[in-house]
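Working notes, structure below.
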Amino acid sequence: MKSFRRIFTLLVVLCLAIGSVGSFISIAQQSHPTIGEITVSPNNPAPGDQVIIRPTFRNGDTSSTSARITEVSIRGDSIFEAVDDIGTLGPGSSVSVPFSVTFETTGQKKITVTMRGQTESGSILFVQKPVYIQVEQNAALLSSPTDTAVSGGQTPIKLTISNGRSTNITGIELMLRGEANIDRPLRTNGSIPPGGERTFEYDVSFEQSGQRELIGEISYRTPDGSTRRSTQSISIDVEQPNVDVSLSAQNMNDTSGSTDVEIHNFGNTHLDDVEILAQSEDETVARVLASDVSPDTSTIISIPAQPHADGPLTVTASYRTVGEEHQISTTIGQALGEIRLTGVETTITGQEVLLEGDAANLGRTDAQSVLIRFPATGSVQQTSPSGEYFVGEVEASEFATFELTGTIGSTTDTLPVTISYVVGGERVERRQEIPLQISNRSAALSTSDPAETQPDRVTNQGLPLLPLGGLVIVILAVVAGGYRWRNEWRLLNFQTLLNDTRTAKRRWKHSSALILKPV
């Protein structure tokens with residue numbers, strides 16, 4: 001019995017020893033494949049960006065056997081990519097496998113990386129590791145206010161890149177392509193700050209009408225040094241050209257006397273190289289360059305007053321559109337401030353002559369620094385006190401009185417008068433001839449006794465001159481009654497009072513309502 005027990009115990013110990021040796025051999029021959037680092041480029045992609053996910057598969061340094069990798073894959077929402085038969089990984093070796101994916105929406109995306117394989121001993125390998133990717137809104141957004149163009153000519157198209165990120169983007173490049181002829185398709189810019197934008201203008205020509213698409217390829221760098229690229233498209237409706245342009249001119253009722261010319265583009269084409277030409281009697285008096293005119297818009301060009309131009313102005317607008325030159329014209333009168341002597345009267349005593357009248361402004365603008373004088377000629381000479389008379393400013397459609405004194409010769413039959421004034425910023429000088437029609441001129445000139453000399457007066461209205469006493473009575477009546485002929489008395493100085501006195505005299509003489517006896 002004791003012998004049996006010893007034999008049984010020996011067998012048990014032997015079995016345990018053999019099992020321990022088998023376990024030791026099995027542990028020593030194990031492999032340890034793992035999924036190591038997973039890189040994502042770019043780190044924070046935008047929708048539509050190409051994203052590279054690169055996991056690294058490794059067999060641990062402590063592994064004693066190789067492992068055969070039969071499949072590696074990535075899986076996410078609407079994403080699955082797999083690569084078969086990667087190969088065998090020996091102890092301490094590794095392999096990286098790149099996967100290319102894109103995301104359509106923003107937000108956090110979970111991607112699961114899976115490795116399948118088999119050890120040398122026949123054991124099945126199955127290892128998984130997740131990676132999380134934050135998809136952000138694209139930093140560079142492409143937009144354009146232009147949605148229509150015309151065929152056959154150049155259309156300016158503006159493209160704007162805006163930065164929707166909270167950091168700068170740099171090294172911006174925009175390449176424009178499509179079914180069109182594009183001048184300088186590649187544009188660059190240094191940087192765009194957060195929330196900022198940059199606009200690029202292209203000259204684009206479409207050969208045919210219809211719906212056309214322009215594609216903008218944007219490239220830029222983020223602060224982490226990664227380069228982002230995106231492709232965005234813009235639809236353009238290309239129409240048949242319709243050239244419809246109008247031209248109008250309007251005189252400005254101010255002291256400048258300028259003329260505003262308006263070009264209105266009612267068509268769908270762009271007007272380039274716009275030029276305004278103003279002519280008077282086939283002589284060019286003004287030439288002005290204007291800005292380009294977009295469809296359904298207008299532009300106004302101001303032409304300075306042309307005091308020395310006689311007659312109306314012919315305004316011509318020339319422009320280029322759809323590859324052709326065009327012109328359109330209109331005519332407008334100037335009607336600037338113009339001083340003319342009206343209601344003139346002459347009084348001749350011997351060889352002395354007194355010329356009185358009104359300096360009337362027949363134009364639409366004020367005339368300034370009006371000066372009336374007898375020119376130094378053989379027929380008339382200036383004498384004191386009024387060889388020349390400074391009127392000052394005469395408003396549009398108003399008048400001011402004046403008087404000139406001088407001496408004439410025995411054969412003088414007209415009085416030349418020089419009128420100068422400033423209008424439109426330039427001084428204008430004109431000459432007006434006043435005829436002398438005196439029936440008893442010979443008697444007036446031959447009388448030697450001043451006491452017997454009776455003054456001859458001529459007026460183009462045929463009214464008799466009132467004696468000085470009548471003038472005094474008129475002045476007293478006006479002052480006493482407080483009547484103001486031109487709405488106010490400008491009693492600033494002696495010259496002003498004298499002007500108002502002369503005005504009162506002439507208005508009294510032309511009125512049939514007052515009958516006064518001379519003193």
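Following the order of the structure tokens, chains are lettered A, B, ..., residues in each are numbered from 1, and ligands are numbered from 1.
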Report task. Extract, using only C-alpha atoms, all DNA, RNA and protein residues at most 8 Å from range 381-391 of chain A, discarding same-chain residues fewer than 5 positions from it, and format them as a ChimeraX atom specification. Result -> /A:369-376,400-408
Store the residues picked out above, limited to N, CA, C and O atoms, as a PDB file, in the first residue's frame.
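Generated output (result_35.pdb):
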ATOM      1  N   SER A 369     -17.822 142.062 -58.752  1.00  0.00           N
ATOM      2  CA  SER A 369     -16.803 143.068 -59.101  1.00  0.00           C
ATOM      3  C   SER A 369     -17.115 143.732 -60.442  1.00  0.00           C
ATOM      4  O   SER A 369     -16.259 143.851 -61.324  1.00  0.00           O
ATOM      5  N   VAL A 370     -18.366 144.170 -60.600  1.00  0.00           N
ATOM      6  CA  VAL A 370     -18.788 144.812 -61.846  1.00  0.00           C
ATOM      7  C   VAL A 370     -18.199 146.224 -61.910  1.00  0.00           C
ATOM      8  O   VAL A 370     -18.375 147.028 -60.995  1.00  0.00           O
ATOM      9  N   LEU A 371     -17.494 146.540 -63.010  1.00  0.00           N
ATOM     10  CA  LEU A 371     -16.872 147.843 -63.217  1.00  0.00           C
ATOM     11  C   LEU A 371     -17.285 148.365 -64.588  1.00  0.00           C
ATOM     12  O   LEU A 371     -17.127 147.670 -65.599  1.00  0.00           O
ATOM     13  N   ILE A 372     -17.823 149.591 -64.611  1.00  0.00           N
ATOM     14  CA  ILE A 372     -18.264 150.223 -65.858  1.00  0.00           C
ATOM     15  C   ILE A 372     -17.438 151.484 -66.059  1.00  0.00           C
ATOM     16  O   ILE A 372     -17.269 152.283 -65.130  1.00  0.00           O
ATOM     17  N   ARG A 373     -16.932 151.680 -67.300  1.00  0.00           N
ATOM     18  CA  ARG A 373     -16.075 152.848 -67.537  1.00  0.00           C
ATOM     19  C   ARG A 373     -16.114 153.241 -69.010  1.00  0.00           C
ATOM     20  O   ARG A 373     -16.454 152.429 -69.878  1.00  0.00           O
ATOM     21  N   PHE A 374     -15.745 154.500 -69.242  1.00  0.00           N
ATOM     22  CA  PHE A 374     -15.498 154.977 -70.601  1.00  0.00           C
ATOM     23  C   PHE A 374     -14.073 154.579 -70.981  1.00  0.00           C
ATOM     24  O   PHE A 374     -13.125 154.879 -70.239  1.00  0.00           O
ATOM     25  N   PRO A 375     -13.867 153.911 -72.091  1.00  0.00           N
ATOM     26  CA  PRO A 375     -12.492 153.603 -72.496  1.00  0.00           C
ATOM     27  C   PRO A 375     -11.801 154.871 -73.003  1.00  0.00           C
ATOM     28  O   PRO A 375     -12.448 155.811 -73.486  1.00  0.00           O
ATOM     29  N   ALA A 376     -10.505 154.909 -72.883  1.00  0.00           N
ATOM     30  CA  ALA A 376      -9.738 156.068 -73.345  1.00  0.00           C
ATOM     31  C   ALA A 376      -9.598 155.986 -74.863  1.00  0.00           C
ATOM     32  O   ALA A 376      -8.668 155.360 -75.393  1.00  0.00           O
ATOM     33  N   ALA A 400     -28.393 147.144 -61.004  1.00  0.00           N
ATOM     34  CA  ALA A 400     -27.872 148.221 -60.158  1.00  0.00           C
ATOM     35  C   ALA A 400     -27.657 149.448 -61.039  1.00  0.00           C
ATOM     36  O   ALA A 400     -27.347 149.336 -62.226  1.00  0.00           O
ATOM     37  N   THR A 401     -27.856 150.639 -60.463  1.00  0.00           N
ATOM     38  CA  THR A 401     -27.713 151.882 -61.236  1.00  0.00           C
ATOM     39  C   THR A 401     -26.246 152.284 -61.333  1.00  0.00           C
ATOM     40  O   THR A 401     -25.406 151.855 -60.536  1.00  0.00           O
ATOM     41  N   PHE A 402     -25.956 153.124 -62.312  1.00  0.00           N
ATOM     42  CA  PHE A 402     -24.602 153.628 -62.501  1.00  0.00           C
ATOM     43  C   PHE A 402     -24.687 154.978 -63.192  1.00  0.00           C
ATOM     44  O   PHE A 402     -25.729 155.364 -63.738  1.00  0.00           O
ATOM     45  N   GLU A 403     -23.582 155.716 -63.173  1.00  0.00           N
ATOM     46  CA  GLU A 403     -23.448 156.935 -63.980  1.00  0.00           C
ATOM     47  C   GLU A 403     -21.988 157.115 -64.352  1.00  0.00           C
ATOM     48  O   GLU A 403     -21.088 156.761 -63.595  1.00  0.00           O
ATOM     49  N   LEU A 404     -21.776 157.619 -65.564  1.00  0.00           N
ATOM     50  CA  LEU A 404     -20.440 157.898 -66.064  1.00  0.00           C
ATOM     51  C   LEU A 404     -20.383 159.334 -66.539  1.00  0.00           C
ATOM     52  O   LEU A 404     -21.370 159.861 -67.103  1.00  0.00           O
ATOM     53  N   THR A 405     -19.243 159.986 -66.345  1.00  0.00           N
ATOM     54  CA  THR A 405     -19.036 161.347 -66.826  1.00  0.00           C
ATOM     55  C   THR A 405     -17.808 161.370 -67.724  1.00  0.00           C
ATOM     56  O   THR A 405     -16.827 160.667 -67.474  1.00  0.00           O
ATOM     57  N   GLY A 406     -17.881 162.191 -68.789  1.00  0.00           N
ATOM     58  CA  GLY A 406     -16.776 162.288 -69.714  1.00  0.00           C
ATOM     59  C   GLY A 406     -16.952 163.461 -70.659  1.00  0.00           C
ATOM     60  O   GLY A 406     -17.921 164.233 -70.560  1.00  0.00           O
ATOM     61  N   THR A 407     -16.042 163.580 -71.594  1.00  0.00           N
ATOM     62  CA  THR A 407     -16.117 164.608 -72.626  1.00  0.00           C
ATOM     63  C   THR A 407     -16.099 163.936 -73.985  1.00  0.00           C
ATOM     64  O   THR A 407     -15.473 162.898 -74.166  1.00  0.00           O
ATOM     65  N   ILE A 408     -16.819 164.565 -74.935  1.00  0.00           N
ATOM     66  CA  ILE A 408     -16.904 163.994 -76.266  1.00  0.00           C
ATOM     67  C   ILE A 408     -16.472 165.029 -77.285  1.00  0.00           C
ATOM     68  O   ILE A 408     -16.429 166.228 -77.005  1.00  0.00           O
TER      69      ILE A 408
END
Report task. Would you mind listing what lies within 10 Å of range 164-178 of chain A as number ranges by chain, with only C-alpha atoms counted and same-chain residues fewer than 3 positions away left out? Result -> A: 136-142, 159-161, 181-198, 200, 202, 204, 206, 212-223, 225, 227-234
Filtering to N, CA and C atoms, could you give me those residues as a compact mmCIF listing (two decimals), in the first residue's frame?
# COMPACT_ATOMS: atom_id res chain seq x y z
N GLU A 136 -13.68 72.24 -38.01
CA GLU A 136 -14.10 73.62 -37.82
C GLU A 136 -14.56 74.23 -39.14
N GLN A 137 -15.23 75.35 -38.98
CA GLN A 137 -15.66 76.10 -40.16
C GLN A 137 -14.44 76.55 -40.95
N ASN A 138 -14.55 76.53 -42.28
CA ASN A 138 -13.43 76.92 -43.14
C ASN A 138 -13.04 78.36 -42.85
N ALA A 139 -11.77 78.60 -42.68
CA ALA A 139 -11.31 79.96 -42.40
C ALA A 139 -11.50 80.88 -43.59
N ALA A 140 -11.25 80.39 -44.78
CA ALA A 140 -11.31 81.22 -45.98
C ALA A 140 -12.61 80.93 -46.73
N LEU A 141 -13.52 81.89 -46.68
CA LEU A 141 -14.80 81.77 -47.38
C LEU A 141 -14.79 82.68 -48.59
N LEU A 142 -15.20 82.17 -49.73
CA LEU A 142 -15.17 82.91 -50.98
C LEU A 142 -16.57 83.40 -51.30
N LEU A 159 -14.02 89.08 -56.08
CA LEU A 159 -14.06 87.91 -55.22
C LEU A 159 -13.47 88.28 -53.86
N THR A 160 -14.19 87.95 -52.81
CA THR A 160 -13.77 88.32 -51.46
C THR A 160 -13.47 87.07 -50.65
N ILE A 161 -12.28 87.04 -50.03
CA ILE A 161 -11.91 85.97 -49.10
C ILE A 161 -12.04 86.53 -47.69
N ASN A 181 -12.15 83.70 -70.19
CA ASN A 181 -10.81 84.24 -70.29
C ASN A 181 -10.57 85.14 -69.08
N ILE A 182 -9.61 84.78 -68.26
CA ILE A 182 -9.39 85.45 -66.98
C ILE A 182 -8.02 86.11 -67.00
N ASP A 183 -8.01 87.42 -66.76
CA ASP A 183 -6.76 88.17 -66.72
C ASP A 183 -6.10 87.99 -65.36
N ARG A 184 -4.85 87.50 -65.35
CA ARG A 184 -4.08 87.26 -64.13
C ARG A 184 -4.89 86.41 -63.15
N PRO A 185 -5.04 85.14 -63.42
CA PRO A 185 -5.91 84.29 -62.58
C PRO A 185 -5.39 84.07 -61.16
N LEU A 186 -4.06 84.15 -60.94
CA LEU A 186 -3.51 83.91 -59.61
C LEU A 186 -3.30 85.23 -58.88
N ARG A 187 -3.89 85.33 -57.68
CA ARG A 187 -3.71 86.52 -56.83
C ARG A 187 -3.21 86.07 -55.46
N THR A 188 -2.41 86.90 -54.82
CA THR A 188 -1.85 86.56 -53.51
C THR A 188 -2.07 87.70 -52.54
N ASN A 189 -1.99 87.35 -51.25
CA ASN A 189 -2.09 88.33 -50.19
C ASN A 189 -1.33 87.82 -48.98
N GLY A 190 -0.73 88.73 -48.23
CA GLY A 190 0.11 88.33 -47.11
C GLY A 190 -0.64 87.66 -45.98
N SER A 191 -1.65 88.32 -45.45
CA SER A 191 -2.38 87.77 -44.32
C SER A 191 -3.74 88.41 -44.22
N ILE A 192 -4.63 87.74 -43.51
CA ILE A 192 -5.97 88.26 -43.22
C ILE A 192 -6.20 88.07 -41.72
N PRO A 193 -6.50 89.14 -40.99
CA PRO A 193 -6.70 89.02 -39.54
C PRO A 193 -8.04 88.33 -39.23
N PRO A 194 -8.24 87.94 -37.99
CA PRO A 194 -9.52 87.31 -37.62
C PRO A 194 -10.70 88.22 -37.93
N GLY A 195 -11.68 87.67 -38.60
CA GLY A 195 -12.86 88.44 -38.95
C GLY A 195 -12.65 89.40 -40.11
N GLY A 196 -11.43 89.46 -40.67
CA GLY A 196 -11.14 90.38 -41.77
C GLY A 196 -11.43 89.75 -43.12
N GLU A 197 -11.20 90.53 -44.15
CA GLU A 197 -11.44 90.04 -45.51
C GLU A 197 -10.54 90.78 -46.49
N ARG A 198 -10.33 90.17 -47.65
CA ARG A 198 -9.56 90.76 -48.73
C ARG A 198 -10.34 90.54 -50.03
N PHE A 200 -10.38 90.73 -54.26
CA PHE A 200 -9.59 90.71 -55.48
C PHE A 200 -10.54 90.96 -56.65
N TYR A 202 -11.13 90.78 -60.72
CA TYR A 202 -10.69 90.14 -61.95
C TYR A 202 -11.44 90.74 -63.15
N VAL A 204 -12.90 89.48 -66.44
CA VAL A 204 -13.28 88.18 -66.98
C VAL A 204 -14.09 88.39 -68.26
N PHE A 206 -16.43 86.38 -71.11
CA PHE A 206 -17.18 85.17 -71.48
C PHE A 206 -17.52 85.24 -72.97
N ARG A 212 -22.70 80.05 -66.26
CA ARG A 212 -21.30 79.68 -66.23
C ARG A 212 -20.83 79.60 -64.77
N GLU A 213 -19.80 78.79 -64.55
CA GLU A 213 -19.29 78.59 -63.21
C GLU A 213 -17.81 78.94 -63.15
N LEU A 214 -17.48 79.75 -62.15
CA LEU A 214 -16.08 80.07 -61.88
C LEU A 214 -15.67 79.33 -60.61
N ILE A 215 -14.48 78.75 -60.63
CA ILE A 215 -13.99 77.96 -59.51
C ILE A 215 -12.79 78.66 -58.89
N GLY A 216 -12.89 78.91 -57.60
CA GLY A 216 -11.81 79.54 -56.87
C GLY A 216 -11.09 78.53 -55.99
N GLU A 217 -9.80 78.40 -56.18
CA GLU A 217 -8.99 77.49 -55.37
C GLU A 217 -8.18 78.34 -54.39
N ILE A 218 -8.45 78.14 -53.10
CA ILE A 218 -7.85 78.96 -52.05
C ILE A 218 -6.82 78.12 -51.29
N SER A 219 -5.68 78.72 -51.04
CA SER A 219 -4.63 78.09 -50.25
C SER A 219 -4.15 79.10 -49.21
N TYR A 220 -3.95 78.61 -47.96
CA TYR A 220 -3.47 79.51 -46.90
C TYR A 220 -2.84 78.67 -45.81
N ARG A 221 -2.11 79.32 -44.91
CA ARG A 221 -1.46 78.66 -43.78
C ARG A 221 -2.09 79.12 -42.47
N THR A 222 -2.22 78.17 -41.55
CA THR A 222 -2.75 78.45 -40.22
C THR A 222 -1.58 78.70 -39.26
N PRO A 223 -1.87 79.21 -38.05
CA PRO A 223 -0.77 79.50 -37.12
C PRO A 223 0.07 78.29 -36.75
N GLY A 225 1.22 76.22 -38.75
CA GLY A 225 2.11 75.92 -39.86
C GLY A 225 1.52 75.01 -40.91
N THR A 227 -0.87 73.84 -43.99
CA THR A 227 -1.42 74.48 -45.18
C THR A 227 -2.81 73.94 -45.46
N ARG A 228 -3.75 74.85 -45.63
CA ARG A 228 -5.13 74.47 -45.92
C ARG A 228 -5.45 74.82 -47.37
N ARG A 229 -6.25 73.98 -47.96
CA ARG A 229 -6.72 74.24 -49.33
C ARG A 229 -8.21 73.96 -49.39
N SER A 230 -8.88 74.79 -50.13
CA SER A 230 -10.31 74.57 -50.35
C SER A 230 -10.67 75.04 -51.74
N THR A 231 -11.70 74.46 -52.28
CA THR A 231 -12.19 74.80 -53.61
C THR A 231 -13.65 75.20 -53.50
N GLN A 232 -13.97 76.38 -53.97
CA GLN A 232 -15.34 76.88 -53.92
C GLN A 232 -15.71 77.42 -55.29
N SER A 233 -16.98 77.32 -55.61
CA SER A 233 -17.44 77.74 -56.94
C SER A 233 -18.46 78.86 -56.81
N ILE A 234 -18.53 79.67 -57.87
CA ILE A 234 -19.47 80.79 -57.96
C ILE A 234 -20.16 80.71 -59.32
**Report entry** Residues near Thr284 in chain A, cut-off 10 Å, only C-alpha atoms, skip fewer than 6 positions along chain, as a PyMOL selection string
**Finding:** chain A and resi 277-278+309+313-315
Please identify which residues in range 207-282 of chain A DSSP calls strand (DSSP E or B) from the backbone, and express them as a PDB file with C-alpha atoms, in the first residue's frame.
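Contents of states_19.pdb, as written:
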ATOM      1  CA  GLY A 210     -25.745  81.102 -70.367  1.00  0.00           C
ATOM      2  CA  GLN A 211     -25.025  79.818 -66.877  1.00  0.00           C
ATOM      3  CA  ARG A 212     -21.298  79.676 -66.228  1.00  0.00           C
ATOM      4  CA  GLU A 213     -19.289  78.593 -63.207  1.00  0.00           C
ATOM      5  CA  LEU A 214     -16.084  80.073 -61.875  1.00  0.00           C
ATOM      6  CA  ILE A 215     -13.994  77.959 -59.506  1.00  0.00           C
ATOM      7  CA  GLY A 216     -11.805  79.542 -56.875  1.00  0.00           C
ATOM      8  CA  GLU A 217      -8.992  77.493 -55.369  1.00  0.00           C
ATOM      9  CA  ILE A 218      -7.848  78.956 -52.050  1.00  0.00           C
ATOM     10  CA  SER A 219      -4.629  78.087 -50.246  1.00  0.00           C
ATOM     11  CA  TYR A 220      -3.474  79.508 -46.903  1.00  0.00           C
ATOM     12  CA  ARG A 221      -1.460  78.658 -43.783  1.00  0.00           C
ATOM     13  CA  THR A 227      -1.421  74.484 -45.184  1.00  0.00           C
ATOM     14  CA  ARG A 228      -5.128  74.472 -45.921  1.00  0.00           C
ATOM     15  CA  ARG A 229      -6.718  74.237 -49.329  1.00  0.00           C
ATOM     16  CA  SER A 230     -10.312  74.570 -50.346  1.00  0.00           C
ATOM     17  CA  THR A 231     -12.194  74.804 -53.611  1.00  0.00           C
ATOM     18  CA  GLN A 232     -15.338  76.878 -53.921  1.00  0.00           C
ATOM     19  CA  SER A 233     -17.443  77.743 -56.935  1.00  0.00           C
ATOM     20  CA  ILE A 234     -19.474  80.785 -57.957  1.00  0.00           C
ATOM     21  CA  SER A 235     -22.250  80.740 -60.536  1.00  0.00           C
ATOM     22  CA  ILE A 236     -22.440  83.580 -63.070  1.00  0.00           C
ATOM     23  CA  ASP A 237     -25.416  84.234 -65.349  1.00  0.00           C
ATOM     24  CA  VAL A 238     -23.947  85.430 -68.661  1.00  0.00           C
ATOM     25  CA  GLU A 239     -26.397  87.535 -70.707  1.00  0.00           C
ATOM     26  CA  VAL A 245     -26.905 104.872 -72.230  1.00  0.00           C
ATOM     27  CA  SER A 246     -28.441 108.322 -71.724  1.00  0.00           C
ATOM     28  CA  LEU A 247     -26.712 111.697 -71.294  1.00  0.00           C
ATOM     29  CA  SER A 248     -28.183 114.792 -69.650  1.00  0.00           C
ATOM     30  CA  ALA A 249     -26.803 118.189 -68.637  1.00  0.00           C
ATOM     31  CA  GLN A 250     -28.060 120.707 -66.088  1.00  0.00           C
ATOM     32  CA  ASN A 251     -26.859 124.197 -65.264  1.00  0.00           C
ATOM     33  CA  THR A 259     -22.752 122.412 -65.529  1.00  0.00           C
ATOM     34  CA  ASP A 260     -23.479 118.941 -64.161  1.00  0.00           C
ATOM     35  CA  VAL A 261     -23.389 116.162 -66.750  1.00  0.00           C
ATOM     36  CA  GLU A 262     -24.993 112.838 -65.817  1.00  0.00           C
ATOM     37  CA  ILE A 263     -24.315 109.552 -67.608  1.00  0.00           C
ATOM     38  CA  HIS A 264     -26.932 106.905 -66.836  1.00  0.00           C
ATOM     39  CA  ASN A 265     -26.263 103.305 -67.798  1.00  0.00           C
ATOM     40  CA  LEU A 271     -18.833 101.459 -69.508  1.00  0.00           C
ATOM     41  CA  ASP A 272     -15.056 101.851 -69.484  1.00  0.00           C
ATOM     42  CA  ASP A 273     -12.702 104.731 -70.402  1.00  0.00           C
ATOM     43  CA  VAL A 274     -15.478 107.327 -69.983  1.00  0.00           C
ATOM     44  CA  GLU A 275     -14.544 110.847 -71.158  1.00  0.00           C
ATOM     45  CA  ILE A 276     -16.611 114.055 -71.259  1.00  0.00           C
ATOM     46  CA  LEU A 277     -15.875 116.666 -73.937  1.00  0.00           C
ATOM     47  CA  ALA A 278     -17.455 120.149 -73.903  1.00  0.00           C
ATOM     48  CA  GLN A 279     -17.324 122.237 -77.097  1.00  0.00           C
ATOM     49  CA  SER A 280     -18.499 125.682 -78.090  1.00  0.00           C
TER      50      SER A 280
END
Would you tabulate, counting only C-alpha atoms, all residues of range 291-382 of chain A that have an atom at most 12 Å from an atom of range 415-438 of chain A, showing the closest pair of atoms and their distance in Å to one decimal, sorted by chain then ascending number, as JSON lines?
{"residue": "A:Ile303", "atom": "CA", "partner": "A:Gly424", "partner_atom": "CA", "distance": 11.0}
{"residue": "A:Pro304", "atom": "CA", "partner": "A:Gly424", "partner_atom": "CA", "distance": 7.5}
{"residue": "A:Ala305", "atom": "CA", "partner": "A:Gly424", "partner_atom": "CA", "distance": 5.2}
{"residue": "A:Gln306", "atom": "CA", "partner": "A:Gly424", "partner_atom": "CA", "distance": 7.2}
{"residue": "A:Pro307", "atom": "CA", "partner": "A:Gly424", "partner_atom": "CA", "distance": 6.6}
{"residue": "A:His308", "atom": "CA", "partner": "A:Val428", "partner_atom": "CA", "distance": 7.2}
{"residue": "A:Ala309", "atom": "CA", "partner": "A:Val428", "partner_atom": "CA", "distance": 10.7}
{"residue": "A:Asp310", "atom": "CA", "partner": "A:Val428", "partner_atom": "CA", "distance": 11.9}
{"residue": "A:Gln334", "atom": "CA", "partner": "A:Gly424", "partner_atom": "CA", "distance": 11.0}
{"residue": "A:Ala335", "atom": "CA", "partner": "A:Val423", "partner_atom": "CA", "distance": 11.0}
{"residue": "A:Leu336", "atom": "CA", "partner": "A:Val423", "partner_atom": "CA", "distance": 7.3}
{"residue": "A:Gly337", "atom": "CA", "partner": "A:Val423", "partner_atom": "CA", "distance": 6.1}
{"residue": "A:Glu338", "atom": "CA", "partner": "A:Val423", "partner_atom": "CA", "distance": 8.2}
{"residue": "A:Ile339", "atom": "CA", "partner": "A:Ile419", "partner_atom": "CA", "distance": 7.4}
{"residue": "A:Arg340", "atom": "CA", "partner": "A:Gln432", "partner_atom": "CA", "distance": 7.9}
{"residue": "A:Leu341", "atom": "CA", "partner": "A:Gln432", "partner_atom": "CA", "distance": 7.7}
{"residue": "A:Thr342", "atom": "CA", "partner": "A:Ile434", "partner_atom": "CA", "distance": 10.0}
{"residue": "A:Gly343", "atom": "CA", "partner": "A:Ile434", "partner_atom": "CA", "distance": 10.8}
{"residue": "A:Val344", "atom": "CA", "partner": "A:Ile434", "partner_atom": "CA", "distance": 8.1}
{"residue": "A:Glu345", "atom": "CA", "partner": "A:Ile434", "partner_atom": "CA", "distance": 9.3}
{"residue": "A:Thr346", "atom": "CA", "partner": "A:Leu436", "partner_atom": "CA", "distance": 7.7}
{"residue": "A:Thr347", "atom": "CA", "partner": "A:Ile438", "partner_atom": "CA", "distance": 9.8}
{"residue": "A:Ile348", "atom": "CA", "partner": "A:Ile438", "partner_atom": "CA", "distance": 9.0}
{"residue": "A:Thr349", "atom": "CA", "partner": "A:Ile438", "partner_atom": "CA", "distance": 11.7}
{"residue": "A:Val353", "atom": "CA", "partner": "A:Leu415", "partner_atom": "CA", "distance": 9.5}
{"residue": "A:Leu354", "atom": "CA", "partner": "A:Leu415", "partner_atom": "CA", "distance": 10.5}
{"residue": "A:Leu355", "atom": "CA", "partner": "A:Leu415", "partner_atom": "CA", "distance": 8.9}
{"residue": "A:Glu356", "atom": "CA", "partner": "A:Ile434", "partner_atom": "CA", "distance": 11.0}
{"residue": "A:Gly357", "atom": "CA", "partner": "A:Ile434", "partner_atom": "CA", "distance": 11.0}
{"residue": "A:Ala359", "atom": "CA", "partner": "A:Ile419", "partner_atom": "CA", "distance": 9.1}
{"residue": "A:Ala360", "atom": "CA", "partner": "A:Ile419", "partner_atom": "CA", "distance": 11.3}
{"residue": "A:Asn361", "atom": "CA", "partner": "A:Tyr421", "partner_atom": "CA", "distance": 10.6}
{"residue": "A:Gly363", "atom": "CA", "partner": "A:Val423", "partner_atom": "CA", "distance": 10.0}
{"residue": "A:Arg364", "atom": "CA", "partner": "A:Val423", "partner_atom": "CA", "distance": 10.5}
{"residue": "A:Thr365", "atom": "CA", "partner": "A:Val423", "partner_atom": "CA", "distance": 7.5}
{"residue": "A:Asp366", "atom": "CA", "partner": "A:Val423", "partner_atom": "CA", "distance": 6.9}
{"residue": "A:Ala367", "atom": "CA", "partner": "A:Val423", "partner_atom": "CA", "distance": 5.3}
{"residue": "A:Gln368", "atom": "CA", "partner": "A:Val422", "partner_atom": "CA", "distance": 5.0}
{"residue": "A:Ser369", "atom": "CA", "partner": "A:Tyr421", "partner_atom": "CA", "distance": 5.3}
{"residue": "A:Val370", "atom": "CA", "partner": "A:Tyr421", "partner_atom": "CA", "distance": 4.3}
{"residue": "A:Leu371", "atom": "CA", "partner": "A:Ser420", "partner_atom": "CA", "distance": 5.3}
{"residue": "A:Ile372", "atom": "CA", "partner": "A:Ile419", "partner_atom": "CA", "distance": 4.8}
{"residue": "A:Arg373", "atom": "CA", "partner": "A:Thr418", "partner_atom": "CA", "distance": 5.5}
{"residue": "A:Phe374", "atom": "CA", "partner": "A:Val417", "partner_atom": "CA", "distance": 5.0}
{"residue": "A:Pro375", "atom": "CA", "partner": "A:Thr418", "partner_atom": "CA", "distance": 6.3}
{"residue": "A:Ala376", "atom": "CA", "partner": "A:Pro416", "partner_atom": "CA", "distance": 9.5}
{"residue": "A:Thr377", "atom": "CA", "partner": "A:Pro416", "partner_atom": "CA", "distance": 8.6}
{"residue": "A:Gly378", "atom": "CA", "partner": "A:Pro416", "partner_atom": "CA", "distance": 10.6}
{"residue": "A:Ser379", "atom": "CA", "partner": "A:Leu415", "partner_atom": "CA", "distance": 7.6}
{"residue": "A:Val380", "atom": "CA", "partner": "A:Leu415", "partner_atom": "CA", "distance": 7.0}
{"residue": "A:Gln381", "atom": "CA", "partner": "A:Leu415", "partner_atom": "CA", "distance": 10.1}
{"residue": "A:Gln382", "atom": "CA", "partner": "A:Val417", "partner_atom": "CA", "distance": 10.8}
Requested in this report: Just the residues within 8 Å of Thr155 in chain A, please, counting only C-alpha atoms, with nothing from its chain fewer than 2 positions along; format it as a PyMOL selection string.
Outcome: chain A and resi 149-150+153+157+203-205+269-270
Report summary line: One decimal place gives the CA of Ser63 in chain A-CA of Gln128 in chain A separation as 18.9 Å
**Report entry** Closest of A:Pro241, A:Pro55, A:Gly152, A:Pro45 to Pro130 in chain A - atom-to-atom distances counting only C-alpha atoms
**Finding:**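 Distance minimum relative to Pro130 in chain A lands on A:Pro55.
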